[in-house]
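Student: Next up, query.json (JSON, C-alpha atoms).
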```json
[["chain", "number", "residue", "atom", "x", "y", "z"],
["P", 261, "MET", "CA", -49.64, 92.15, 11.92],
["P", 262, "ALA", "CA", -51.17, 95.62, 12.09],
["P", 263, "TYR", "CA", -54.55, 96.23, 10.49],
["P", 264, "SER", "CA", -55.03, 99.42, 8.51],
["P", 265, "ASP", "CA", -57.27, 102.15, 9.98],
["P", 266, "LYS", "CA", -59.93, 101.40, 7.38],
["P", 267, "VAL", "CA", -59.99, 97.70, 8.31],
["P", 268, "LEU", "CA", -60.27, 98.60, 12.00],
["P", 269, "ASP", "CA", -63.06, 101.07, 11.27],
["P", 270, "HIS", "CA", -65.12, 98.45, 9.39],
["P", 271, "TYR", "CA", -64.29, 95.81, 11.98],
["P", 272, "ASN", "CA", -65.33, 97.97, 14.93],
["P", 273, "HIS", "CA", -68.29, 99.56, 13.13],
["P", 274, "PRO", "CA", -69.39, 97.04, 10.51],
["P", 275, "ARG", "CA", -71.90, 98.48, 8.02],
["P", 276, "ASN", "CA", -75.08, 96.67, 7.03],
["P", 277, "VAL", "CA", -74.84, 93.64, 9.30],
["P", 278, "GLY", "CA", -77.95, 91.51, 9.16],
["P", 279, "SER", "CA", -80.02, 89.36, 6.91],
["P", 280, "MET", "CA", -82.95, 89.58, 4.53],
["P", 281, "ASP", "CA", -85.66, 87.09, 3.61],
["P", 282, "LYS", "CA", -83.92, 84.47, 1.50],
["P", 283, "SER", "CA", -87.19, 83.45, -0.18],
["P", 284, "ASP", "CA", -87.94, 87.01, -1.41],
["P", 285, "SER", "CA", -87.63, 86.99, -5.21],
["P", 286, "ALA", "CA", -85.94, 90.42, -5.14],
["P", 287, "VAL", "CA", -83.25, 89.13, -2.76],
["P", 288, "GLY", "CA", -80.10, 87.37, -3.91],
["P", 289, "THR", "CA", -78.08, 85.40, -1.35],
["P", 290, "GLY", "CA", -74.43, 84.42, -1.60],
["P", 291, "MET", "CA", -72.89, 82.06, 0.93],
["P", 292, "VAL", "CA", -69.18, 81.39, 0.53],
["P", 293, "GLY", "CA", -66.37, 79.95, 2.62],
["P", 294, "ALA", "CA", -62.61, 79.73, 2.76],
["P", 295, "PRO", "CA", -61.49, 76.37, 4.17],
["P", 296, "GLU", "CA", -57.89, 77.52, 4.71],
["P", 297, "CYS", "CA", -59.09, 79.64, 7.63],
["P", 298, "GLY", "CA", -62.61, 78.33, 8.25],
["P", 299, "ASP", "CA", -64.26, 81.65, 7.38],
["P", 300, "VAL", "CA", -67.87, 81.77, 6.28],
["P", 301, "MET", "CA", -69.51, 84.81, 4.69],
["P", 302, "LYS", "CA", -73.14, 85.48, 3.82],
["P", 303, "LEU", "CA", -73.92, 88.46, 1.61],
["P", 304, "GLN", "CA", -77.37, 89.47, 0.38],
["P", 305, "ILE", "CA", -78.62, 92.07, -2.07],
["P", 306, "LYS", "CA", -82.12, 93.41, -2.60],
["P", 307, "VAL", "CA", -82.79, 94.64, -6.12],
["P", 308, "ASN", "CA", -85.50, 97.14, -7.01],
["P", 309, "PRO", "CA", -87.50, 95.37, -9.73],
["P", 310, "LEU", "CA", -88.39, 98.63, -11.50],
["P", 311, "THR", "CA", -84.95, 100.24, -11.67],
["P", 312, "GLY", "CA", -82.67, 97.18, -11.49],
["P", 313, "ILE", "CA", -80.69, 99.02, -8.83],
["P", 314, "ILE", "CA", -79.48, 97.37, -5.62],
["P", 315, "ASP", "CA", -81.51, 99.12, -2.91],
["P", 316, "ASP", "CA", -80.12, 97.26, 0.06],
["P", 317, "ALA", "CA", -77.25, 94.96, 0.95],
["P", 318, "LYS", "CA", -76.62, 92.99, 4.13],
["P", 319, "PHE", "CA", -73.87, 90.69, 5.31],
["P", 320, "LYS", "CA", -72.85, 88.48, 8.18],
["P", 321, "THR", "CA", -69.32, 87.12, 8.32],
["P", 322, "PHE", "CA", -67.71, 84.74, 10.77],
["P", 323, "GLY", "CA", -64.01, 85.19, 10.27],
["P", 324, "CYS", "CA", -61.03, 87.46, 10.77],
["P", 325, "GLY", "CA", -61.05, 91.27, 10.82],
["P", 326, "SER", "CA", -60.08, 91.50, 7.15],
["P", 327, "ALA", "CA", -62.90, 89.19, 6.08],
["P", 328, "ILE", "CA", -65.42, 91.25, 8.07],
["P", 329, "ALA", "CA", -64.03, 94.53, 6.71],
["P", 330, "SER", "CA", -64.01, 93.22, 3.11],
["P", 331, "SER", "CA", -67.66, 92.17, 3.25],
["P", 332, "SER", "CA", -68.69, 95.32, 5.14],
["P", 333, "LEU", "CA", -67.07, 97.49, 2.46],
["P", 334, "ALA", "CA", -68.64, 95.36, -0.28],
["P", 335, "THR", "CA", -72.16, 96.02, 1.04],
["P", 336, "GLU", "CA", -71.43, 99.77, 1.12],
["P", 337, "TRP", "CA", -70.29, 99.71, -2.47],
["P", 338, "LEU", "CA", -73.19, 97.56, -3.66],
["P", 339, "LYS", "CA", -75.93, 99.94, -2.59],
["P", 340, "GLY", "CA", -77.01, 102.21, -5.43],
["P", 341, "LYS", "CA", -75.30, 100.16, -8.13],
["P", 342, "THR", "CA", -77.01, 98.22, -10.91],
["P", 343, "VAL", "CA", -76.45, 94.46, -10.95],
["P", 344, "ASP", "CA", -74.04, 94.80, -13.87],
["P", 345, "GLU", "CA", -72.08, 97.56, -12.14],
["P", 346, "ALA", "CA", -71.89, 95.36, -9.06],
["P", 347, "LEU", "CA", -70.40, 92.53, -11.13],
["P", 348, "ALA", "CA", -67.55, 94.87, -12.07],
["P", 349, "ILE", "CA", -66.35, 95.10, -8.44],
["P", 350, "LYS", "CA", -63.00, 93.33, -8.25],
["P", 351, "ASN", "CA", -61.23, 91.96, -5.21],
["P", 352, "THR", "CA", -58.26, 94.20, -6.06],
["P", 353, "ASP", "CA", -60.51, 97.26, -5.52],
["P", 354, "ILE", "CA", -61.15, 96.00, -1.98],
["P", 355, "VAL", "CA", -57.45, 95.25, -1.42],
["P", 356, "ASN", "CA", -56.54, 98.80, -2.45],
["P", 357, "GLU", "CA", -59.29, 100.51, -0.44],
["P", 358, "LEU", "CA", -58.51, 98.59, 2.77],
["P", 359, "ALA", "CA", -54.73, 98.35, 2.21],
["P", 360, "LEU", "CA", -54.87, 94.59, 2.82],
["P", 361, "PRO", "CA", -51.49, 92.84, 3.17],
["P", 362, "PRO", "CA", -50.69, 89.90, 0.84],
["P", 363, "VAL", "CA", -51.65, 87.27, 3.45],
["P", 364, "LYS", "CA", -55.16, 88.75, 3.64],
["P", 365, "ILE", "CA", -55.87, 89.00, -0.07],
["P", 366, "HIS", "CA", -57.97, 85.82, 0.08],
["P", 367, "CYS", "CA", -60.44, 87.74, 2.30],
["P", 368, "SER", "CA", -61.10, 90.15, -0.55],
["P", 369, "VAL", "CA", -61.42, 87.22, -2.97],
["P", 370, "LEU", "CA", -64.03, 85.77, -0.63],
["P", 371, "ALA", "CA", -65.98, 89.07, -0.71],
["P", 372, "GLU", "CA", -65.87, 89.17, -4.53],
["P", 373, "ASP", "CA", -67.04, 85.54, -4.63],
["P", 374, "ALA", "CA", -69.89, 86.43, -2.25],
["P", 375, "ILE", "CA", -71.02, 89.34, -4.48],
["P", 376, "LYS", "CA", -70.97, 87.09, -7.56],
["P", 377, "ALA", "CA", -72.81, 84.31, -5.71],
["P", 378, "ALA", "CA", -75.51, 86.73, -4.52],
["P", 379, "ILE", "CA", -76.01, 88.13, -8.02],
["P", 380, "THR", "CA", -76.13, 84.65, -9.54],
["P", 381, "ASP", "CA", -78.76, 83.65, -6.99],
["P", 382, "TYR", "CA", -80.78, 86.77, -7.80],
["P", 383, "LYS", "CA", -80.55, 86.14, -11.55],
["P", 384, "VAL", "CA", -81.54, 82.49, -11.19],
["P", 385, "LYS", "CA", -84.58, 83.61, -9.17],
["P", 386, "GLN", "CA", -85.55, 86.13, -11.84],
["P", 387, "GLY", "CA", -85.17, 83.47, -14.51],
["P", 388, "ALA", "CA", -87.30, 81.12, -12.44],
["P", 389, "ASP", "CA", -89.92, 83.85, -12.03],
["P", 390, "VAL", "CA", -90.06, 84.45, -15.77],
["P", 391, "ALA", "CA", -90.57, 80.74, -16.33],
["P", 392, "ALA", "CA", -93.30, 80.61, -13.65],
["P", 393, "LEU", "CA", -94.96, 83.66, -15.24],
["P", 394, "ALA", "CA", -94.87, 82.14, -18.70],
["P", 395, "GLN", "CA", -96.42, 78.97, -17.35],
["P", 396, "ALA", "CA", -99.21, 80.86, -15.56],
["P", 397, "HIS", "CA", -100.30, 82.58, -18.77],
["L", 135, "MET", "CA", -9.72, 66.25, 4.33],
["L", 136, "ARG", "CA", -10.33, 68.73, 1.55],
["L", 137, "LEU", "CA", -12.06, 66.05, -0.51],
["L", 138, "TRP", "CA", -14.20, 65.12, 2.47],
["L", 139, "ASN", "CA", -15.31, 68.75, 2.79],
["L", 140, "LEU", "CA", -16.16, 68.85, -0.86],
["L", 141, "ILE", "CA", -18.32, 65.74, -0.55],
["L", 142, "TYR", "CA", -20.14, 67.27, 2.39],
["L", 143, "ARG", "CA", -20.72, 70.49, 0.50],
["L", 144, "MET", "CA", -22.17, 68.50, -2.40],
["L", 145, "ASN", "CA", -24.22, 66.40, -0.06],
["L", 146, "ALA", "CA", -27.48, 68.29, -0.44],
["L", 147, "LEU", "CA", -30.20, 67.90, 2.16],
["L", 148, "PRO", "CA", -33.06, 65.48, 1.36],
["L", 149, "ALA", "CA", -35.52, 67.09, -1.04],
["L", 150, "ASP", "CA", -38.62, 66.33, 1.05],
["L", 151, "TYR", "CA", -39.76, 64.73, 4.32],
["L", 152, "PHE", "CA", -40.08, 61.29, 2.73],
["L", 153, "ALA", "CA", -36.51, 61.43, 1.47],
["L", 154, "VAL", "CA", -35.42, 62.25, 5.04],
["L", 155, "PHE", "CA", -36.67, 58.82, 6.09],
["L", 156, "GLY", "CA", -35.61, 57.19, 2.83],
["L", 157, "ILE", "CA", -39.15, 56.12, 1.97],
["L", 158, "SER", "CA", -41.31, 56.77, -1.08],
["L", 159, "PRO", "CA", -44.21, 59.25, -0.80],
["L", 160, "GLN", "CA", -47.26, 57.57, 0.72],
["L", 161, "LEU", "CA", -50.26, 58.52, 2.84],
["L", 162, "ALA", "CA", -50.55, 55.62, 5.26],
["L", 163, "LEU", "CA", -47.49, 55.20, 7.48],
["L", 164, "ASP", "CA", -46.50, 52.60, 10.05],
["L", 165, "LEU", "CA", -46.01, 55.07, 12.90],
["L", 166, "PRO", "CA", -44.29, 52.79, 15.46],
["L", 167, "GLU", "CA", -41.78, 51.75, 12.79],
["L", 168, "LEU", "CA", -41.32, 55.35, 11.68],
["L", 169, "GLN", "CA", -40.70, 56.39, 15.27],
["L", 170, "ARG", "CA", -37.94, 53.77, 15.56],
["L", 171, "GLN", "CA", -36.39, 55.17, 12.38],
["L", 172, "PHE", "CA", -36.71, 58.67, 13.80],
["L", 173, "TYR", "CA", -34.66, 57.69, 16.88],
["L", 174, "VAL", "CA", -32.02, 55.92, 14.77],
["L", 175, "LEU", "CA", -31.61, 58.90, 12.43],
["L", 176, "SER", "CA", -31.67, 61.38, 15.33],
["L", 177, "LYS", "CA", -28.81, 59.53, 16.96],
["L", 178, "GLN", "CA", -26.87, 59.18, 13.69],
["L", 179, "HIS", "CA", -27.07, 62.88, 12.82],
["L", 180, "HIS", "CA", -27.03, 64.36, 16.32],
["L", 181, "PRO", "CA", -25.03, 67.63, 16.17],
["L", 182, "ASP", "CA", -23.14, 66.64, 19.38],
["L", 183, "ARG", "CA", -21.51, 63.83, 17.43],
["L", 184, "PHE", "CA", -20.04, 66.38, 15.01],
["L", 185, "ALA", "CA", -18.63, 68.78, 17.57],
["L", 186, "ARG", "CA", -15.10, 68.16, 16.30],
["L", 187, "ALA", "CA", -16.03, 67.81, 12.61],
["L", 188, "SER", "CA", -15.62, 70.41, 9.89],
["L", 189, "ALA", "CA", -17.92, 73.43, 9.72],
["L", 190, "ASP", "CA", -19.70, 71.94, 6.71],
["L", 191, "GLU", "CA", -20.30, 68.65, 8.48],
["L", 192, "GLN", "CA", -21.59, 70.48, 11.54],
["L", 193, "ARG", "CA", -23.96, 72.55, 9.47],
["L", 194, "TYR", "CA", -25.21, 69.48, 7.65],
["L", 195, "ALA", "CA", -25.86, 67.64, 10.93],
["L", 196, "LEU", "CA", -27.78, 70.63, 12.26],
["L", 197, "ASP", "CA", -29.82, 71.14, 9.08],
["L", 198, "PHE", "CA", -30.58, 67.43, 8.76],
["L", 199, "THR", "CA", -31.69, 67.20, 12.39],
["L", 200, "SER", "CA", -34.01, 70.16, 12.10],
["L", 201, "LEU", "CA", -35.49, 68.73, 8.87],
["L", 202, "LEU", "CA", -35.89, 65.36, 10.58],
["L", 203, "ASN", "CA", -37.75, 66.93, 13.49],
["L", 204, "ASP", "CA", -40.06, 68.81, 11.11],
["L", 205, "ALA", "CA", -40.69, 65.62, 9.13],
["L", 206, "TRP", "CA", -41.54, 63.56, 12.24],
["L", 207, "ARG", "CA", -43.84, 66.28, 13.61],
["L", 208, "VAL", "CA", -45.79, 66.38, 10.33],
["L", 209, "PHE", "CA", -45.85, 62.61, 9.75],
["L", 210, "ARG", "CA", -47.09, 61.67, 13.21],
["L", 211, "ASP", "CA", -50.27, 63.73, 12.67],
["L", 212, "PRO", "CA", -52.39, 62.15, 9.89],
["L", 213, "VAL", "CA", -54.07, 65.44, 8.96],
["L", 214, "ALA", "CA", -50.80, 67.41, 8.78],
["L", 215, "ARG", "CA", -49.27, 64.52, 6.81],
["L", 216, "ALA", "CA", -52.16, 64.47, 4.31],
["L", 217, "GLU", "CA", -51.92, 68.26, 3.91],
["L", 218, "TYR", "CA", -48.20, 67.90, 3.29],
["L", 219, "VAL", "CA", -48.63, 65.21, 0.63],
["L", 220, "LEU", "CA", -51.43, 67.17, -1.05],
["L", 221, "LYS", "CA", -49.25, 70.27, -1.15],
["L", 222, "LEU", "CA", -46.36, 68.28, -2.66],
["L", 223, "LEU", "CA", -48.69, 67.03, -5.37],
["L", 224, "GLY", "CA", -50.32, 70.37, -6.15],
["L", 225, "TYR", "CA", -53.52, 70.18, -4.09],
["L", 226, "ASP", "CA", -52.81, 73.08, -1.77],
["L", 227, "THR", "CA", -55.81, 74.75, -0.02],
["L", 228, "ALA", "CA", -54.59, 78.17, -1.10],
["L", 229, "ASP", "CA", -55.37, 77.06, -4.64],
["L", 230, "SER", "CA", -58.87, 78.39, -5.39],
["L", 231, "ARG", "CA", -59.48, 75.49, -7.79],
["L", 232, "THR", "CA", -59.61, 73.13, -4.85],
["L", 233, "ASN", "CA", -61.22, 75.15, -2.09],
["L", 234, "THR", "CA", -64.87, 74.36, -2.75],
["L", 235, "VAL", "CA", -66.92, 73.41, 0.26],
["L", 236, "PRO", "CA", -70.40, 71.90, -0.14],
["L", 237, "ALA", "CA", -73.19, 74.49, 0.20],
["L", 238, "GLU", "CA", -75.05, 72.42, 2.82],
["L", 239, "LEU", "CA", -71.98, 72.38, 5.04],
["L", 240, "LEU", "CA", -71.58, 76.16, 4.72],
["L", 241, "GLU", "CA", -75.23, 76.60, 5.72],
["L", 242, "GLU", "CA", -74.70, 74.33, 8.72],
["L", 243, "VAL", "CA", -71.50, 76.14, 9.70],
["L", 244, "PHE", "CA", -73.26, 79.48, 9.41],
["L", 245, "GLU", "CA", -76.23, 78.37, 11.52],
["L", 246, "LEU", "CA", -73.99, 76.98, 14.24],
["L", 247, "ASN", "CA", -71.91, 80.16, 14.29],
["L", 248, "MET", "CA", -75.12, 82.13, 14.80],
["L", 249, "ALA", "CA", -76.06, 79.81, 17.69],
["L", 250, "LEU", "CA", -72.56, 80.16, 19.15],
["L", 251, "GLU", "CA", -72.91, 83.92, 19.09],
["L", 252, "GLU", "CA", -76.26, 83.73, 20.88],
["L", 253, "ALA", "CA", -74.88, 81.22, 23.39],
["L", 254, "ARG", "CA", -72.02, 83.60, 24.18],
["L", 255, "ASP", "CA", -74.63, 86.29, 24.81],
["L", 256, "GLY", "CA", -76.18, 84.01, 27.44],
["L", 257, "ASP", "CA", -79.13, 82.57, 25.50],
["L", 258, "SER", "CA", -79.89, 79.21, 27.19],
["L", 259, "GLY", "CA", -81.81, 77.87, 24.19],
["L", 260, "ALA", "CA", -78.80, 78.54, 22.02],
["L", 261, "ARG", "CA", -76.60, 76.75, 24.58],
["L", 262, "LYS", "CA", -78.66, 73.61, 24.18],
["L", 263, "GLN", "CA", -78.42, 73.92, 20.39],
["L", 264, "VAL", "CA", -74.64, 74.29, 20.63],
["L", 265, "ALA", "CA", -74.36, 71.22, 22.89],
["L", 266, "GLU", "CA", -76.34, 69.15, 20.40],
["L", 267, "ALA", "CA", -74.28, 70.47, 17.52],
["L", 268, "LEU", "CA", -71.07, 69.61, 19.37],
["L", 269, "THR", "CA", -72.17, 65.96, 19.67],
["L", 270, "HIS", "CA", -73.20, 65.93, 16.02],
["L", 271, "PHE", "CA", -69.97, 67.49, 14.72],
["L", 272, "THR", "CA", -67.71, 65.36, 16.91],
["L", 273, "ALA", "CA", -69.33, 62.23, 15.46],
["L", 274, "LEU", "CA", -69.04, 63.69, 11.97],
["L", 275, "ARG", "CA", -65.32, 64.29, 12.50],
["L", 276, "GLN", "CA", -64.84, 60.67, 13.58],
["L", 277, "ASP", "CA", -66.61, 59.48, 10.44],
["L", 278, "LEU", "CA", -64.36, 61.69, 8.33],
["L", 279, "ASP", "CA", -61.25, 60.23, 9.96],
["L", 280, "VAL", "CA", -62.38, 56.69, 9.17],
["L", 281, "GLU", "CA", -63.04, 57.77, 5.58],
["L", 282, "ARG", "CA", -59.65, 59.52, 5.49],
["L", 283, "ASP", "CA", -57.81, 56.31, 6.44],
["L", 284, "ARG", "CA", -59.76, 54.46, 3.76],
["L", 285, "ILE", "CA", -58.61, 56.99, 1.13],
["L", 286, "PHE", "CA", -55.00, 56.74, 2.43],
["L", 287, "ALA", "CA", -55.01, 52.98, 1.84],
["L", 288, "ALA", "CA", -56.73, 53.26, -1.53],
["L", 289, "TYR", "CA", -54.26, 55.88, -2.80],
["L", 290, "ASP", "CA", -51.20, 53.97, -1.61],
["L", 291, "ALA", "CA", -52.47, 50.80, -3.29],
["L", 292, "ALA", "CA", -53.21, 52.57, -6.58],
["L", 293, "PRO", "CA", -52.23, 56.26, -6.77],
["L", 294, "ALA", "CA", -54.93, 58.15, -8.67],
["L", 295, "ASP", "CA", -55.80, 61.85, -8.80],
["L", 296, "THR", "CA", -59.42, 61.12, -7.91],
["L", 297, "HIS", "CA", -58.31, 59.94, -4.45],
["L", 298, "LEU", "CA", -56.38, 63.17, -3.94],
["L", 299, "GLU", "CA", -59.38, 65.27, -4.98],
["L", 300, "THR", "CA", -61.63, 63.36, -2.58],
["L", 301, "LEU", "CA", -59.05, 63.78, 0.17],
["L", 302, "ARG", "CA", -58.74, 67.51, -0.53],
["L", 303, "SER", "CA", -62.48, 68.11, -0.16],
["L", 304, "LEU", "CA", -62.60, 65.84, 2.91],
["L", 305, "LEU", "CA", -59.86, 67.87, 4.62],
["L", 306, "ASN", "CA", -61.59, 71.14, 3.70],
["L", 307, "ARG", "CA", -64.76, 69.88, 5.38],
["L", 308, "ARG", "CA", -62.79, 68.60, 8.33],
["L", 309, "ARG", "CA", -61.17, 71.96, 8.91],
["L", 310, "TYR", "CA", -64.55, 73.66, 9.26],
["L", 311, "ILE", "CA", -65.76, 70.93, 11.57],
["L", 312, "ASP", "CA", -62.57, 71.16, 13.62],
["L", 313, "ASN", "CA", -63.06, 74.92, 14.09],
["L", 314, "LEU", "CA", -66.71, 74.38, 15.03],
["L", 315, "VAL", "CA", -65.89, 71.72, 17.61],
["L", 316, "ARG", "CA", -63.24, 74.01, 19.12],
["L", 317, "ASP", "CA", -65.60, 77.03, 19.19],
["L", 318, "ALA", "CA", -68.50, 75.01, 20.56],
["L", 319, "GLN", "CA", -66.33, 73.58, 23.36],
["L", 320, "GLN", "CA", -65.15, 77.10, 24.16],
["L", 321, "ALA", "CA", -68.71, 78.49, 24.21],
["L", 322, "LEU", "CA", -69.86, 75.73, 26.56],
["L", 323, "SER", "CA", -66.91, 75.86, 28.96]]
```
Render the structure in this file as structure tokens.
Tutor:
Amino acid sequence: MAYSDKVLDHYNHPRNVGSMDKSDSAVGTGMVGAPECGDVMKLQIKVNPLTGIIDDAKFKTFGCGSAIASSSLATEWLKGKTVDEALAIKNTDIVNELALPPVKIHCSVLAEDAIKAAITDYKVKQGADVAALAQAH
Amino acid sequence: MRLWNLIYRMNALPADYFAVFGISPQLALDLPELQRQFYVLSKQHHPDRFARASADEQRYALDFTSLLNDAWRVFRDPVARAEYVLKLLGYDTADSRTNTVPAELLEEVFELNMALEEARDGDSGARKQVAEALTHFTALRQDLDVERDRIFAAYDAAPADTHLETLRSLLNRRRYIDNLVRDAQQALS
């Protein structure tokens, strides 16, 4: 199967590979996996507490070219978006941008799941912080 | 002769691998007995025996034999067999409803993949970590296989969806562990 040029570009030059401090309250971490191929994907966002905008996004994926490209593209799209805007990213957007074939659609689903998991983690942390703050006062 | 042809045309192939062997769907199989059956059926339906038969009979013998070979290949491997049964009953991995993997396992898989990457880059500390992980995951896989056989027996004795759900998540975990063992062995070789 031939990968599209965009997949190859992200695969050969992945954007935003790396990791951020998981314990940072401004950081949300999403770790997801696809057992049908054994892929595992970690995606993190760092949200500016004043603006609510995602300042930084990092990922590390162990999996096929499409899974790496999907998560690489996701981190590019996440930067500069608000959390709510980020939630609107759909796997079909990734499929269209990367021209993923039907057998690789699950890679884009994995990336969408990772975004949602990272945002959920961030929101839970914020909720926890609010509770801790209320208790302190 | 025309009637015979008609019967052959109506004689549809078995609907699934269990029907090929004439047994009811089950997870635990008596493999030596199944192998004997495999040889008997192979002989019975061998295409060479139908060299002078009608085109329909020849096609049936060929189709049955290829189905029989597929069935035996899947049944002799407990994991492939379990995947087959789960798929028949609607517990396919491709189904997102059933593809959850415990978070701790994902963390472990991720950490080991990081170590594998470092080991490939020649980090000796990472190599040691990979060797330890290989021992750990090989043992884990053995435990899962014991547990798998227990679920096989429990389901066959009293078919219940809960057994299938447990088996589905067990096989999901096993697939990750299988990949890790393979990658770790490769990194160390």
Student: In Å, rounded to a single decimal, give me how far atom CA of L:Gln319 is from atom CA of L:Gly256.
Tutor: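 Atom CA of L:Gln319 lies 14.9 Å from atom CA of L:Gly256.
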Student: Go through P:Ala334, P:Val369, P:Ile375, P:Leu310 and flag the residue nearest P:Ala286, using only C-alpha atoms for the distances.
Tutor: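 Of P:Ala334, P:Val369, P:Ile375, P:Leu310, the one nearest P:Ala286, counting only C-alpha atoms, is P:Leu310.
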Student: Listing only residues of chain L within 12 Å of chain P, what is the closest atom pair and its distance in Å (to one decimal) for each, using all atoms listed in the file, sorted by chain and residue number ascending, as a tab-separated table?
Tutor:
```
residue	atom	partner	partner_atom	distance
L:Glu217	CA	P:Glu296	CA	11.0
L:Asp226	CA	P:Glu296	CA	9.4
L:Thr227	CA	P:Glu296	CA	5.9
L:Ala228	CA	P:Glu296	CA	6.7
L:Asp229	CA	P:Glu296	CA	9.7
L:Ser230	CA	P:Ala294	CA	9.1
L:Arg231	CA	P:Ala294	CA	11.8
L:Thr232	CA	P:Pro295	CA	9.8
L:Asn233	CA	P:Pro295	CA	6.4
L:Thr234	CA	P:Gly293	CA	7.9
L:Val235	CA	P:Gly293	CA	7.0
L:Pro236	CA	P:Gly293	CA	9.4
L:Ala237	CA	P:Met291	CA	7.6
L:Glu238	CA	P:Met291	CA	10.1
L:Leu239	CA	P:Gly293	CA	9.7
L:Leu240	CA	P:Gly293	CA	6.8
L:Glu241	CA	P:Met291	CA	7.6
L:Glu242	CA	P:Val300	CA	10.4
L:Val243	CA	P:Val300	CA	7.5
L:Phe244	CA	P:Val300	CA	6.6
L:Glu245	CA	P:Val300	CA	10.4
L:Leu246	CA	P:Phe322	CA	10.6
L:Asn247	CA	P:Phe322	CA	7.1
L:Met248	CA	P:Phe322	CA	8.8
L:Ala249	CA	P:Phe322	CA	11.9
L:Leu250	CA	P:Phe322	CA	10.7
L:Glu251	CA	P:Phe322	CA	9.8
L:Arg302	CA	P:Pro295	CA	10.4
L:Ser303	CA	P:Pro295	CA	9.4
L:Leu304	CA	P:Pro295	CA	10.7
L:Leu305	CA	P:Pro295	CA	8.7
L:Asn306	CA	P:Pro295	CA	5.3
L:Arg307	CA	P:Pro295	CA	7.4
L:Arg308	CA	P:Pro295	CA	8.9
L:Arg309	CA	P:Pro295	CA	6.5
L:Tyr310	CA	P:Gly298	CA	5.2
L:Ile311	CA	P:Gly298	CA	8.7
L:Asp312	CA	P:Gly298	CA	9.0
L:Asn313	CA	P:Gly298	CA	6.8
L:Leu314	CA	P:Gly298	CA	8.9
L:Val315	CA	P:Gly298	CA	11.9
L:Arg316	CA	P:Gly298	CA	11.7
L:Asp317	CA	P:Gly298	CA	11.4
```
Student: For each of P:Ala371, P:Val277, P:Ala346, P:Ile354, take the minimum atom-to-atom distance to P:Lys318, counting only C-alpha atoms, then give the residue where this is smallest.
Tutor: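 Result for the nearest residue to P:Lys318: P:Val277.
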Student: Within 10 Å of P:Val287, counting only C-alpha atoms, which residues show up once you throw out same-chain ones fewer than 2 positions away? Write them as a ChimeraX atom specification, please.
Tutor: /P:280-285,289,304-308,314,316-317,378-379,381-383,385-386
Student: To one decimal place, how far is atom CA of L:Tyr151 from atom CA of L:Ala205 in Å?
Tutor: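 Distance between the two atoms: 5.0 Å.
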Student: Looking at all atoms listed in the file, which of P:Thr380, P:Val267, P:Pro274, P:Glu372 is the one that sits closest to P:Ala348?
Tutor: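 Closest to P:Ala348 of all the choices is P:Glu372.
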Student: Would you compute the distance between atom CA of P:Lys364 and atom CA of P:Ser326? Give it in Å to one decimal.
Tutor: 6.6 Å
Student: Stretch 152-165 of chain L: which residues within 9 Å, counting only C-alpha atoms, same-chain residues fewer than 2 positions away excluded, as a list in words?
Tutor: Leu147, Pro148, Ala149, Asp150, Glu167, Leu168, Gln169, Arg170, Gln171, Phe172, Leu175, Phe198, Leu201, Leu202, Ala205, Phe209, Arg210, Pro212, Arg215, Ala216, Val219, Asp283, Ile285, Phe286, Ala287, Tyr289 and Asp290 of chain L
Student: Please, can stretch 198-207 of chain L be completed to N, CA and C atoms and returned as a tab-separated table (two decimals), keeping the file's coordinate frame?
Tutor:
```tsv
chain	number	residue	atom	x	y	z
L	198	PHE	N	-29.88	68.71	8.91
L	198	PHE	CA	-30.58	67.43	8.76
L	198	PHE	C	-31.46	67.18	9.97
L	199	THR	N	-30.93	67.44	11.16
L	199	THR	CA	-31.69	67.20	12.39
L	199	THR	C	-32.94	68.06	12.44
L	200	SER	N	-32.82	69.31	12.02
L	200	SER	CA	-34.01	70.16	12.10
L	200	SER	C	-35.05	69.71	11.07
L	201	LEU	N	-34.58	69.27	9.89
L	201	LEU	CA	-35.49	68.73	8.87
L	201	LEU	C	-36.16	67.45	9.37
L	202	LEU	N	-35.37	66.61	10.03
L	202	LEU	CA	-35.89	65.36	10.58
L	202	LEU	C	-36.98	65.62	11.62
L	203	ASN	N	-36.75	66.59	12.48
L	203	ASN	CA	-37.75	66.93	13.49
L	203	ASN	C	-39.05	67.44	12.86
L	204	ASP	N	-38.88	68.30	11.83
L	204	ASP	CA	-40.06	68.81	11.11
L	204	ASP	C	-40.83	67.64	10.48
L	205	ALA	N	-40.07	66.75	9.84
L	205	ALA	CA	-40.69	65.62	9.13
L	205	ALA	C	-41.48	64.74	10.11
L	206	TRP	N	-40.88	64.43	11.24
L	206	TRP	CA	-41.54	63.56	12.24
L	206	TRP	C	-42.78	64.24	12.79
L	207	ARG	N	-42.70	65.55	13.07
L	207	ARG	CA	-43.84	66.28	13.61
L	207	ARG	C	-45.03	66.25	12.63
```
